[in-house]
Every structure is written in C-alpha cells, then in structure tokens.
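Contents: one structure, followed by commentary.
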Number of protein chains: 2
Amino acid sequence: MTFDFSPLLPESTPAPAKRWSGFPEFNFIGGHIDNATVPVDDLRAAVDRALAREGADIATYSLRSGPQGYRPLREYLVQKLKRYSGIDTTADDILLTSGSLQAMDLVNKLLLERGDTVIVEETNYGGTFSKLRAMGVDMVPVPLDAEGMRMDALETVLNDLAAKGIRPKYIFTIATVHNPTGTILPLDRRHRMLELAKQHGVPIFEDECYSDLVWANERPPALRALDDSGMVIHIGTFSKTVGPALRVGYINADWPVLGRLIALKTDAGSPALEQMMLAEYCPDHFDDHVRRCNAVLEGKLDAMIDAVDECFGTTVEFAKPPGGIFLWLKLPEGVTTPQLAAVAGAKGVAVNPGPDWSLEGDADRWIRLCFANPPIETIRKGVARLAEICREEFGVPEISGNIRR
Amino acid sequence: MTFDFSPLLPESTPAPAKRWSGFPEFNFIGGHIDNATVPVDDLRAAVDRALAREGADIATYSLRSGPQGYRPLREYLVQKLKRYSGIDTTADDILLTSGSLQAMDLVNKLLLERGDTVIVEETNYGGTFSKLRAMGVDMVPVPLDAEGMRMDALETVLNDLAAKGIRPKYIFTIATVHNPTGTILPLDRRHRMLELAKQHGVPIFEDECYSDLVWANERPPALRALDDSGMVIHIGTFSKTVGPALRVGYINADWPVLGRLIALKTDAGSPALEQMMLAEYCPDHFDDHVRRCNAVLEGKLDAMIDAVDECFGTTVEFAKPPGGIFLWLKLPEGVTTPQLAAVAGAKGVAVNPGPDWSLEGDADRWIRLCFANPPIETIRKGVARLAEICREEFGVPEISGNIRR
C-alpha cells in the first residue's frame with residue numbers, strides 16, 4: 001500500500017511540480033540565452049587550466065576559499081563591479097551564490113517575515129512576485145514610465161506607508177534593463193530614490209540581473225555605487241552573459257548584512273567548478289564576449305520586432321528596449337493574455353501572460369516575449385503562429401503579413 | 001552615516017558568520033576528503049568531453065534536462081543506486097541538488113513546521129541538530145549501540161509519542177556508516193525499523209552520505225530498497241567520494257513527494273557543470289575510484305588509531321569504524337571536550353566537541369576526529385599536539401608517546 005504523505009504536509013505547501021516534458025517548439029519564455037554565443041572553446045580551456053592547477057582542492061569544501069566562494073572569482077567581480085557598475089568594493093564583501101535566485105532567496109530570508117511589507121516596481125520579474133507571495137509578504141507597487149520607476153509615485157507610496165506606521169523592509173528594483181520593460185533608470189532618479197529611501201529608513205534591494213546586456217554597452221552607475229551608507233544590497237549573475245545553467249550569481253553588501261546572509265546560506269557553499277571556470281575565463285574574455293552577445297541579441301530583437309510589425313501590425317504597442325532579452329508587448333482591447341498564453345502554449349508557442357509579470361490594472365493585455373534563445377527563423381515562425389492563434393481566439397490582428405484574413 | 005539594518009531583522013535571525021580565516025594547521029573537522037585521491041586527470045577529460053559535446057546547452061536553464069537536473073547523471077544514479085544500495089528506481093524519481101545539505105533543507109522545508117517533532121539518532125551529524133533547532137523542531141533521540149540505532153529504544157519512543165498523541169514527521173537515520181559513530185545498521189534492524197515506522201505511520205528520512213566509504217566495499221541494502229510503500233525519502237551525495245566542493249547531491253523518492261520537493265526548489269536548478277562532468281566520469285571510473293579511496297582512507301584511519309594509541313594510551317575509548325572519514329572518541333572523566341576543542345582550536349588543532357554531535361548525557365566527553373583530509377604525517381603530529389594540549393588542560397593522558405610527563 002502506498003504511504004500517504006499528505007496528512008504530514010504543512011498547510012502552506014505549494015502545489016507539486018508537473019513532470020517536465022521538454023521545451024516548447026517556440027520558446028519565448030524563460031531567461032535562456034543564445035546557444036551560439038556560449039564561448040564553449042574558451043570555457044573548455046578555462047576549466048581545464050583551473051582543474052590542472054587546483055583540481056585536487058575539490059577535496060575540501062569551497063576549495064581553499066571559505067563559505068563566500070572561490071576567491072579569484074570574487075576578485076574578478078571586484079574589477080567588474082567597478083568598471084561596469086561603478087561600485088567600489090572588496091572580495092570580502094561578495095558572496096557567491098547558486099544564481100541570483102538563491103541570492104534573492106537569501107535576502108528575503110534575512111529580512112522578511114509573513115505580514116511584512118515591501119515596495120516593488122508594479123511591473124516586475126514574475127519570480128519576485130511568486131517568491132514574495134509564497135512568503136506571505138505584502139507588495140506595494142510603484143508604477144513605471146518609459147524611464148523606469150516613477151519617483152513621484154515612490155514618494156507618495158513611502159509617505160502613505162509612513163502615515164500608516166508601516167516601515168517597508170526594502171524597495172526592490174531592477175533599475176538597469178528592467179524585467180520585463182527593459183527600461184534603464186536615469187541617474188537623477190537613482191539619486192532621488194536613494195534620497196527618499198534614506199529619508200524613510202528603507203533599504204534598497206538592487207537586482208542587476210540583465211544590466212550587462214545594453215546595446216550601447218554603457219549604463220548609469222548602480223544604486224549601490226551612489227550610496228555610501230551600506231543601505232543598498234546588490235545582486236547580479238553570470239546567467240544572462242555566460243549561461244543560466246551555470247547558476248553563478250553573487251551578492252555584494254556591506255559586512256553587517258553579508259555576514260548574516262552567509263549564516264543563512266546552509267548549503268556549505270555553491271558548486272565550485274563553475275566558479276573556477278569563470279574566474280579563469282572572465283579576465284581575458286568577458287568584455288569582448290558581452291559586446292558580441294549584445295550585437296547578437298540586438299539582431300534577434302530587431303528580427304522579433306520585424307516579425308511583430310509584420311504579423312500584428314498596428315494592433316500592438318511596445319517600445320524597443322535598450323537591452324535585455326525580452327519584448328514587453330501590449331495587445332489590443334478584447335485580448336486577454338492568460339487565455340492567449342494557455343491556447344498558444346497548447347499549440348507549441350510559450351509566452352508569459354501579463355498578470356504573472358505585472359500588478360497593473362490592464363496587466364492581462366500584456367505579454368512578455370523572450371527572444372534570446374530561439375534562432376531568428378524560429379522567432380519569425382513563432383511570432384507568426386502566435387498572431388494566427390490570437391486571430392483565431394480574439395479576431396485580432398485582422399491583418400497579418402499584409403494579408404487581410 | 002552607516003545604515004542600521006538591525007531593526008529590520010526578524011527575531012529568529014541567526015548570529016552573523018565570522019570572517020573565514022583559512023583552514024587550521026591540524027584540521028580534524030569538516031567532511032573534507034583526501035586531496036590526492038581526487039581523480040583530477042579523469043575529471044578534466046570528462047568535463048572537456050561533456051563541454052565539447054553539449055557546452056552550448058548551458059545557454060538554457062538546466063541544459064535540456066528540466067528542473068530535476070542533468071538526465072544522464074540521473075540515469076547513472078539509477079544504476080548506482082541499484083548496485084550499491086539495492087534500490088530499484090527511475091531517473092524520473094531523482095532530483096539532483098546542491099549537495100546533500102540542500103537535499104536535507106528541501107525535505108525539512110517540505111515536512112516541518114515550528115513545533116513539529118522528529119525522531120533522530122541520539123548521536124548525529126551536527127548539521128542535523130543545527131538545522132532542526134533553527135526550525136524550532138523538537139528532536140526525540142534514540143540511543144545507538146555498536147550496531148547503530150537500537151530498535152527496542154525506537155519502539156519505546158514511538159509508543160511514548162503515540163501515547164501523547166504526537167505523530168512525528170519522520171525518523172531520520174544515517175543507517176550506513178553513521179556520522180559520527182561509523183556504525184552500519186544490520187539488515188534485521190532495517191526490517192524492524194520499517195515495520196515500526198509503518199505501524200506508526202511515520203516516514204523514514206534516510207541519509208546515505210557516507211555509505212560508499214566501507215572498507216569491505218559491501219553493505220546492506222538501503223532502507224528505501226526494503227520498502228515498497230514509498231515511505232522512505234533517500235538522499236545521497238558525491239561529496240565524500242569525488243569531492244565536497246562539487247556540491248552534487250540527490251534525493252530519491254516516489255513522485256508524490258519528489259514533485260513537491262521540486263516545487264520547493266526555488267533556485268532554477270543546481271549548477272550543471274559538475275553534473276555533466278560526473279555523468280561523463282562515473283560510468284567508467286566510479287567503482288574503481290571508490291575502492292582506491294577506501295584503501296587510502298582505511299590507511300589514514302589506521303594511522304590515526306596508531307597515533308591515538310601512542311599519544312592517549314588507554315585513557316580513551318573508541319571502536320574502529322568499518323568505514324567513513326571520522327573517529328568518534330571518548331575521553332576520560334574530567335575532560336570536557338568543548339573546553340578542549342576551544343583551547344586546541346586556538347592552538348591550530350580543530351576537533352568537533354561532542355555536544356555539537358550528540359544529545360547523550362555524557363556528550364561532553366566525546367570528540368569527533370576527521371582523518372580523511374590531513375596527510376598521515378599531519379595526523380600523527382596533530383594527534384600528538386592534541387594529547388599535549390589535553391594533558392596541559394586536564395592532566396590526562398598522563399602518559400603520552402610512552403613517556404610519563
């Protein structure tokens with residue numbers, strides 16, 4: 001007889017996973033990147049050199065570097081954070097994690113309890129919402145415009161909360177290449193956010209997950225770079241530049257915070273081989289690699305925009321993002337994207353429906369389309385199929401590929 | 001001015017980590033293994049082959065294998081679990097994790113809430129205790145003898161709890177090469193444990209962390225192999241055979257449990273490179289490698305026992321373990337091992353004091369000495385230094401190295 005675990009599970013247990021059945025034919029979801037840009041040969045050479053020199057060290061937990069992760073990679077990150085994000089830091093104030101998702105879980109575990117309040121961009125990474133909901137945390141949304149989080153709205157939110165006696169635990173922001181809108185918060189808003197945060201005693205939790213992927217290869221300094229009080233907790237990752245399967249992320253924070261995050265990281269260190277490989281690979285190759293990736297990604301984005309223009313015509317609204325791996329697209333009135341996503345998903349076209357990525361009132365008219373992974377030809381075919389499905393379900397777009405249906 | 005995070009932290013926040021300052025001169029703590037046995041050249045060849053063939057797949061989360069981890073490694077584990085542990089399972093019922101510690105955290109997260117009760121071996125892996133304490137879970141200890149957990153005592157504990165109306169969430173057991181006693185639970189006790197567990201409706205949480213490290217290269221079937229009801233959740237790791245820095249562990253459980261564990265694993269998959277490397281390395285090399293490791297480890301254990309005999313003489317009690325990487329040692333009356341560990345630690349000799357590893361009344365007379373990592377000469381010198389420190393602090397051993405002090 002099968003043992004029944006269900007009476008033993010806490011009430012809050014999430015629904016079980018479904019069995020994984022492979023990627024869809026047209027995969028416009030997930031933070032996957034372009035397979036062809038993975039620098040396989042350079043990575044092979046890098047991991048081989050690292051193992052030849054230090055392979056025997058895998059006999060000890062975290063090699064010879066302690067619980068914060070492989071020191072040479074932390075030292076490379078010190079250089080990278082300075083050059084890319086304007087942050088002055090040291091290897092002692094960096095914790096390597098299993099992707100930026102573990103980083104996010106650790107920061108949430110440190111600061112949040114059921115019933116707490118946080119401030120988030122109204123439209124946001126779906127995982128931000130799902131993690132916070134699972135923890136029973138109240139999210140107060142701040143709307144965005146074409147330049148990212150609106151500071152007038154943030155000020156109102158902070159004042160309203162203060163009036164209610166609520167001190168939010170943090171302001172979460174993806175300030176540089178926001179997910180999914182792609183916006184980049186300008187310098188003056190960054191200064192203003194820090195000013196408001198300081199005034200209200202609310203830390204900033206800054207996620208630079210996508211920030212290396214900017215077509216112009218230039219960006220404003222990170223919020224952490226503009227702060228000298230230690231109030232910004234900064235996370236980042238190599239997932240979007242070298243590969244998400246590697247799961248190498250990091251947290252940069254002042255020691256009073258970082259020391260506590262280390263204490264909460266109960267996995268005896270993140271896997272070391274990726275850390276060794278990246279520490280060997282990045283100093284010589286990362287900068288050129290990222291420029292190459294950005295050229296490829298912008299080409300794919302352009303192909304997607306062309307396909308959207310061709311297949312959806314003027315029925316959709318979007319702005320070309322200055323970087324990233326996704327297009328955030330508004331469909332015409334009458335289309336509900338959860339339904340569109342469900343039907344399209346069943347027909348091999350996977351898209352993120354707006355309500356998973358936004359708390360806005362009209363969220364169900366938006367979809368997120370990731371363009372980094374599929375080849376250009378697949379992007380074209382997939383967008384065409386999506387338009388076809390949308391027309392069948394909702395009667396729009398009436399015109400597709402210049403042909404009135 | 002420095003931002004003060006302390007008013008924002010939940011009450012239960014653990015103490016911050018101390019800055020890591022490197023390994024001690026004589027390192028008899030931590031599950032490190034022997035550096036010289038790490039098969040560096042075979043691992044280099046394996047990871048290179050895997051990357052040459054499938055390196056571009058790191059562009060997608062979890063390669064092409066989904067959230068349970070790299071399928072070829074899960075398929076190897078199916079073979080290994082059959083041959084080593086007697087378990088019949090499939091790749092679909094295995095979840096790869098970042099070491100067995102993440103596996104343990106996931107199982108605990110699935111089943112436990114503050115105030116719950118679990119049954120544990122009275123002497124146990126220190127991390128078992130610390131994780132459960134941090135979760136506010138009550139631990140009911142079952143004493144061990146020379147053959148592991150005592151079934152008469154388990155029966156009493158289960159009956160007592162039932163009489164109080166308490167249904168424990170699991171029985172945690174390291175049945176094969178118990179940490180730290182090294183005991184291997186005989187087959188008849190395994191059957192009895194399953195019988196008692198079934199009778200009381202209590203699942204078994206089986207940790208086979210060290211079970212490949214048996215001098216005889218033979219062991220009883222895992223508890224999971226002897227059960228056909230799905231009541232055993234089984235975890236294991238490559239940490240003690242190939243290297244802890246790799247952080248590759250796994251959970252094997254029936255789908256109703258595994259599907260829920262996958263849903264709780266919020267890190268978007270464990271790092272893939274180690275999984276690719278092990279899947280390539282293990283089929284050809286693992287069996288021979290483990291035999292070589294066991295020969296080396298038994299040699300180091302013998303060296304440690306010789307050193308203990310020479311330096312501590314008859315003042316200490318221990319049994320030679322049939323496998324593993326540690327010696328569990330009882331010091332004479334008058335010695336308190338937390339004090340010994342503190343003084344020895346300050347003088348470069350790191351040992352685990354008993355109270356971190358045991359709930360027994362006389363736990364503070366025991367220490368755990370790990371012998372796998374230090375070279376034999378270091379083991380000799382370190383044990384001698386420990387005896388010297390013990391003599392200075394507690395007056396015993398009076399005789400050390402056949403010289404009366």
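Labels used: A, B, ... for chains in the order of the structure tokens, numbers from 1 for residues in each chain, and numbers from 1 for ligands as shown.
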
Exercise. Please, which residues of chain A lie no more than 6 Å from chain B when the count uses only C-alpha atoms, and can they be set out as an MDAnalysis selection string?
Worked result: chainID A and resid 1:3 9 16:17 20 32:33 35 38 40 44 48 55:56 58:63 66 101:102 111 229:231 243:247 259:260 263 267 271:272

Selection export as a tab-separated table (two decimals), in the first residue's frame, atoms kept: N, CA and C atoms:
chain	number	residue	atom	x	y	z
A	1	MET	N	0.83	-1.20	0.00
A	1	MET	CA	0.00	0.00	0.00
A	1	MET	C	0.87	1.25	0.00
A	2	THR	N	0.45	2.23	-0.76
A	2	THR	CA	1.26	3.45	-0.87
A	2	THR	C	1.10	4.30	0.37
A	3	PHE	N	2.24	4.74	0.90
A	3	PHE	CA	2.25	5.61	2.07
A	3	PHE	C	1.70	6.98	1.68
A	9	LEU	N	1.94	17.20	5.63
A	9	LEU	CA	2.41	18.43	4.99
A	9	LEU	C	1.82	19.67	5.65
A	16	PRO	N	2.41	20.54	-6.12
A	16	PRO	CA	3.56	19.81	-6.65
A	16	PRO	C	3.90	20.26	-8.07
A	17	ALA	N	5.18	20.06	-8.45
A	17	ALA	CA	5.59	20.35	-9.83
A	17	ALA	C	4.94	19.35	-10.76
A	20	TRP	N	8.39	17.47	-16.10
A	20	TRP	CA	8.93	18.30	-17.20
A	20	TRP	C	8.84	17.52	-18.49
A	32	HIS	N	16.53	32.04	-20.90
A	32	HIS	CA	17.57	31.36	-21.67
A	32	HIS	C	18.29	32.35	-22.58
A	33	ILE	N	19.52	32.03	-22.95
A	33	ILE	CA	20.26	32.93	-23.84
A	33	ILE	C	20.56	32.21	-25.16
A	35	ASN	N	22.32	30.04	-27.74
A	35	ASN	CA	23.26	28.91	-27.66
A	35	ASN	C	24.57	29.19	-28.41
A	38	VAL	N	27.48	31.01	-26.61
A	38	VAL	CA	28.22	30.39	-25.49
A	38	VAL	C	29.66	30.11	-25.97
A	40	VAL	N	32.13	28.15	-25.95
A	40	VAL	CA	32.43	26.80	-25.49
A	40	VAL	C	33.94	26.52	-25.45
A	44	ARG	N	36.07	25.61	-22.17
A	44	ARG	CA	36.80	24.33	-22.04
A	44	ARG	C	38.24	24.58	-21.62
A	48	ASP	N	39.76	23.57	-17.90
A	48	ASP	CA	40.88	22.64	-17.91
A	48	ASP	C	42.11	23.23	-17.19
A	55	GLY	N	42.73	21.32	-9.22
A	55	GLY	CA	41.67	20.32	-9.17
A	55	GLY	C	41.63	19.53	-7.88
A	56	ALA	N	42.80	19.28	-7.30
A	56	ALA	CA	42.82	18.48	-6.07
A	56	ALA	C	42.11	19.20	-4.92
A	58	ILE	N	39.22	20.30	-4.88
A	58	ILE	CA	37.79	19.98	-4.71
A	58	ILE	C	37.57	18.99	-3.57
A	59	ALA	N	38.66	18.47	-3.02
A	59	ALA	CA	38.57	17.60	-1.83
A	59	ALA	C	38.11	18.37	-0.59
A	60	THR	N	38.23	19.70	-0.61
A	60	THR	CA	37.79	20.48	0.55
A	60	THR	C	36.58	21.34	0.17
A	61	TYR	N	35.66	21.47	1.12
A	61	TYR	CA	34.50	22.34	0.93
A	61	TYR	C	34.98	23.72	0.48
A	62	SER	N	34.35	24.25	-0.60
A	62	SER	CA	34.67	25.59	-1.08
A	62	SER	C	36.16	25.77	-1.39
A	63	LEU	N	36.81	24.70	-1.85
A	63	LEU	CA	38.21	24.76	-2.24
A	63	LEU	C	39.05	25.31	-1.08
A	66	GLY	N	36.76	29.32	1.54
A	66	GLY	CA	35.76	29.59	2.56
A	66	GLY	C	34.36	29.74	2.00
A	101	LEU	N	18.90	33.80	-8.14
A	101	LEU	CA	17.68	33.39	-7.43
A	101	LEU	C	18.00	32.96	-6.00
A	102	GLN	N	19.12	32.25	-5.80
A	102	GLN	CA	19.50	31.93	-4.42
A	102	GLN	C	19.82	33.23	-3.67
A	111	LEU	N	15.46	39.27	5.66
A	111	LEU	CA	14.71	40.46	6.04
A	111	LEU	C	13.22	40.25	6.26
A	229	SER	N	26.23	54.55	2.49
A	229	SER	CA	25.72	54.22	3.83
A	229	SER	C	25.54	52.72	4.03
A	230	GLY	N	25.76	51.93	2.97
A	230	GLY	CA	25.55	50.48	3.10
A	230	GLY	C	24.10	50.07	3.04
A	231	MET	N	23.21	50.97	2.59
A	231	MET	CA	21.78	50.65	2.58
A	231	MET	C	21.35	49.89	1.33
A	243	GLY	N	25.80	31.90	-19.17
A	243	GLY	CA	24.86	30.79	-19.28
A	243	GLY	C	24.10	30.52	-18.00
A	244	PRO	N	22.78	30.44	-18.08
A	244	PRO	CA	21.98	30.21	-16.88
A	244	PRO	C	22.19	28.84	-16.25
A	245	ALA	N	22.57	27.84	-17.05
A	245	ALA	CA	22.76	26.51	-16.46
A	245	ALA	C	23.93	26.48	-15.47
A	246	LEU	N	24.81	27.50	-15.57
A	246	LEU	CA	25.96	27.54	-14.64
A	246	LEU	C	25.52	27.92	-13.23
A	247	ARG	N	24.44	28.69	-13.11
A	247	ARG	CA	23.95	29.12	-11.80
A	247	ARG	C	25.04	29.78	-10.97
A	259	GLY	N	27.57	39.19	6.36
A	259	GLY	CA	27.87	38.18	7.37
A	259	GLY	C	26.63	37.42	7.80
A	260	ARG	N	25.50	38.12	7.82
A	260	ARG	CA	24.24	37.46	8.18
A	260	ARG	C	23.70	36.60	7.04
A	263	ALA	N	25.52	33.36	7.10
A	263	ALA	CA	25.00	32.47	8.15
A	263	ALA	C	23.72	31.78	7.72
A	267	ASP	N	23.99	25.63	2.60
A	267	ASP	CA	24.31	24.57	1.63
A	267	ASP	C	25.78	24.26	1.56
A	271	PRO	N	28.35	25.23	-5.75
A	271	PRO	CA	29.28	24.41	-6.51
A	271	PRO	C	30.47	25.19	-7.09
A	272	ALA	N	31.65	24.57	-7.03
A	272	ALA	CA	32.90	25.30	-7.26
A	272	ALA	C	33.38	25.30	-8.70

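For Arg189 in chain B, the non-local neighbours within 7 Å, defined as residues at least 4 positions apart in the same chain or in other chains and counting only C-alpha atoms, are Met151, Leu185 and Met193 of chain B.
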
For this session: Would you please extract all strand (DSSP E or B) residues from range 55-247 of chain B, as assigned by DSSP on the backbone, and give them as a ChimeraX atom specification?
Result: /B:94-98,117-121,123,138-142,144-145,148-149,171-173,176,184,204-207,214,232-237

Take the residues that were just selected and, keeping N, CA and C atoms, output them as an mmCIF file, in the first residue's frame.
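The file below, result04.cif, is the result:
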data_model
loop_
_atom_site.group_PDB
_atom_site.id
_atom_site.type_symbol
_atom_site.label_atom_id
_atom_site.label_comp_id
_atom_site.auth_asym_id
_atom_site.auth_seq_id
_atom_site.Cartn_x
_atom_site.Cartn_y
_atom_site.Cartn_z
ATOM 1 N N ILE B 94 14.365 10.984 -9.341
ATOM 2 C CA ILE B 94 15.584 11.532 -8.743
ATOM 3 C C ILE B 94 15.625 13.041 -8.976
ATOM 4 N N LEU B 95 15.966 13.768 -7.935
ATOM 5 C CA LEU B 95 16.173 15.214 -8.033
ATOM 6 C C LEU B 95 17.618 15.502 -7.648
ATOM 7 N N LEU B 96 18.381 16.108 -8.567
ATOM 8 C CA LEU B 96 19.756 16.490 -8.243
ATOM 9 C C LEU B 96 19.739 17.794 -7.458
ATOM 10 N N THR B 97 20.593 17.876 -6.456
ATOM 11 C CA THR B 97 20.608 19.023 -5.541
ATOM 12 C C THR B 97 22.029 19.553 -5.378
ATOM 13 N N SER B 98 22.133 20.734 -4.801
ATOM 14 C CA SER B 98 23.446 21.302 -4.482
ATOM 15 C C SER B 98 23.945 20.672 -3.186
ATOM 16 N N THR B 117 7.626 17.473 15.643
ATOM 17 C CA THR B 117 8.506 16.518 16.312
ATOM 18 C C THR B 117 9.122 15.574 15.284
ATOM 19 N N VAL B 118 10.403 15.309 15.428
ATOM 20 C CA VAL B 118 11.058 14.288 14.607
ATOM 21 C C VAL B 118 11.855 13.367 15.525
ATOM 22 N N ILE B 119 12.151 12.171 15.006
ATOM 23 C CA ILE B 119 12.955 11.210 15.751
ATOM 24 C C ILE B 119 14.339 11.155 15.100
ATOM 25 N N VAL B 120 15.368 11.243 15.928
ATOM 26 C CA VAL B 120 16.746 11.248 15.397
ATOM 27 C C VAL B 120 17.617 10.287 16.197
ATOM 28 N N GLU B 121 18.669 9.793 15.547
ATOM 29 C CA GLU B 121 19.667 9.061 16.319
ATOM 30 C C GLU B 121 20.273 10.014 17.354
ATOM 31 N N THR B 123 23.074 10.340 18.823
ATOM 32 C CA THR B 123 24.344 10.913 18.378
ATOM 33 C C THR B 123 24.209 11.050 16.872
ATOM 34 N N ASP B 138 11.146 19.878 17.587
ATOM 35 C CA ASP B 138 11.532 19.040 18.732
ATOM 36 C C ASP B 138 12.166 17.745 18.245
ATOM 37 N N MET B 139 13.325 17.431 18.795
ATOM 38 C CA MET B 139 14.008 16.203 18.406
ATOM 39 C C MET B 139 13.902 15.185 19.536
ATOM 40 N N VAL B 140 13.402 14.004 19.206
ATOM 41 C CA VAL B 140 13.342 12.933 20.198
ATOM 42 C C VAL B 140 14.451 11.939 19.857
ATOM 43 N N PRO B 141 15.439 11.815 20.749
ATOM 44 C CA PRO B 141 16.601 10.995 20.422
ATOM 45 C C PRO B 141 16.385 9.511 20.703
ATOM 46 N N VAL B 142 16.999 8.675 19.856
ATOM 47 C CA VAL B 142 17.025 7.224 20.068
ATOM 48 C C VAL B 142 18.491 6.814 20.200
ATOM 49 N N LEU B 144 22.039 4.707 20.319
ATOM 50 C CA LEU B 144 22.685 3.733 19.439
ATOM 51 C C LEU B 144 23.506 2.765 20.278
ATOM 52 N N ASP B 145 23.775 1.594 19.718
ATOM 53 C CA ASP B 145 24.815 0.726 20.266
ATOM 54 C C ASP B 145 25.813 0.447 19.151
ATOM 55 N N GLY B 148 24.352 0.502 15.629
ATOM 56 C CA GLY B 148 23.510 1.609 15.189
ATOM 57 C C GLY B 148 22.272 1.780 16.051
ATOM 58 N N MET B 149 21.245 2.395 15.478
ATOM 59 C CA MET B 149 20.047 2.748 16.245
ATOM 60 C C MET B 149 19.438 1.505 16.891
ATOM 61 N N ILE B 171 11.512 9.712 10.896
ATOM 62 C CA ILE B 171 12.648 9.145 11.621
ATOM 63 C C ILE B 171 13.859 9.410 10.750
ATOM 64 N N PHE B 172 14.782 10.225 11.232
ATOM 65 C CA PHE B 172 15.997 10.494 10.457
ATOM 66 C C PHE B 172 17.061 9.475 10.825
ATOM 67 N N THR B 173 17.655 8.860 9.809
ATOM 68 C CA THR B 173 18.703 7.881 10.103
ATOM 69 C C THR B 173 19.827 7.899 9.082
ATOM 70 N N THR B 176 23.867 3.663 7.257
ATOM 71 C CA THR B 176 25.078 3.017 6.734
ATOM 72 C C THR B 176 26.255 3.970 6.874
ATOM 73 N N ILE B 184 27.083 0.534 11.118
ATOM 74 C CA ILE B 184 26.254 0.126 9.975
ATOM 75 C C ILE B 184 25.101 -0.704 10.524
ATOM 76 N N ILE B 204 10.412 7.517 6.887
ATOM 77 C CA ILE B 204 11.833 7.436 7.217
ATOM 78 C C ILE B 204 12.604 8.347 6.272
ATOM 79 N N PHE B 205 13.498 9.134 6.845
ATOM 80 C CA PHE B 205 14.350 10.033 6.077
ATOM 81 C C PHE B 205 15.770 9.454 6.187
ATOM 82 N N GLU B 206 16.234 8.854 5.102
ATOM 83 C CA GLU B 206 17.486 8.083 5.098
ATOM 84 C C GLU B 206 18.588 8.866 4.394
ATOM 85 N N ASP B 207 19.688 9.074 5.081
ATOM 86 C CA ASP B 207 20.823 9.829 4.542
ATOM 87 C C ASP B 207 21.982 8.870 4.297
ATOM 88 N N VAL B 214 33.039 2.155 2.717
ATOM 89 C CA VAL B 214 33.058 0.995 3.608
ATOM 90 C C VAL B 214 34.283 0.165 3.235
ATOM 91 N N VAL B 232 9.984 5.906 2.378
ATOM 92 C CA VAL B 232 11.376 6.290 2.650
ATOM 93 C C VAL B 232 11.821 7.361 1.657
ATOM 94 N N ILE B 233 12.288 8.488 2.190
ATOM 95 C CA ILE B 233 12.927 9.526 1.376
ATOM 96 C C ILE B 233 14.428 9.331 1.539
ATOM 97 N N HIS B 234 15.103 9.148 0.411
ATOM 98 C CA HIS B 234 16.517 8.745 0.431
ATOM 99 C C HIS B 234 17.359 9.873 -0.144
ATOM 100 N N ILE B 235 18.426 10.268 0.549
ATOM 101 C CA ILE B 235 19.338 11.261 -0.019
ATOM 102 C C ILE B 235 20.756 10.735 -0.031
ATOM 103 N N GLY B 236 21.560 11.256 -0.947
ATOM 104 C CA GLY B 236 22.956 10.854 -1.064
ATOM 105 C C GLY B 236 23.747 11.957 -1.727
ATOM 106 N N THR B 237 25.010 11.703 -1.989
ATOM 107 C CA THR B 237 25.915 12.760 -2.447
ATOM 108 C C THR B 237 27.163 12.175 -3.094
#

Exercise. Could you write out, as a ChimeraX atom specification, all the residues of range 30-256 of chain A that DSSP marks as alpha helix (DSSP H)?
Worked result: /A:40-54,71-85,99-111,126-134,151-163,187-200,255-256
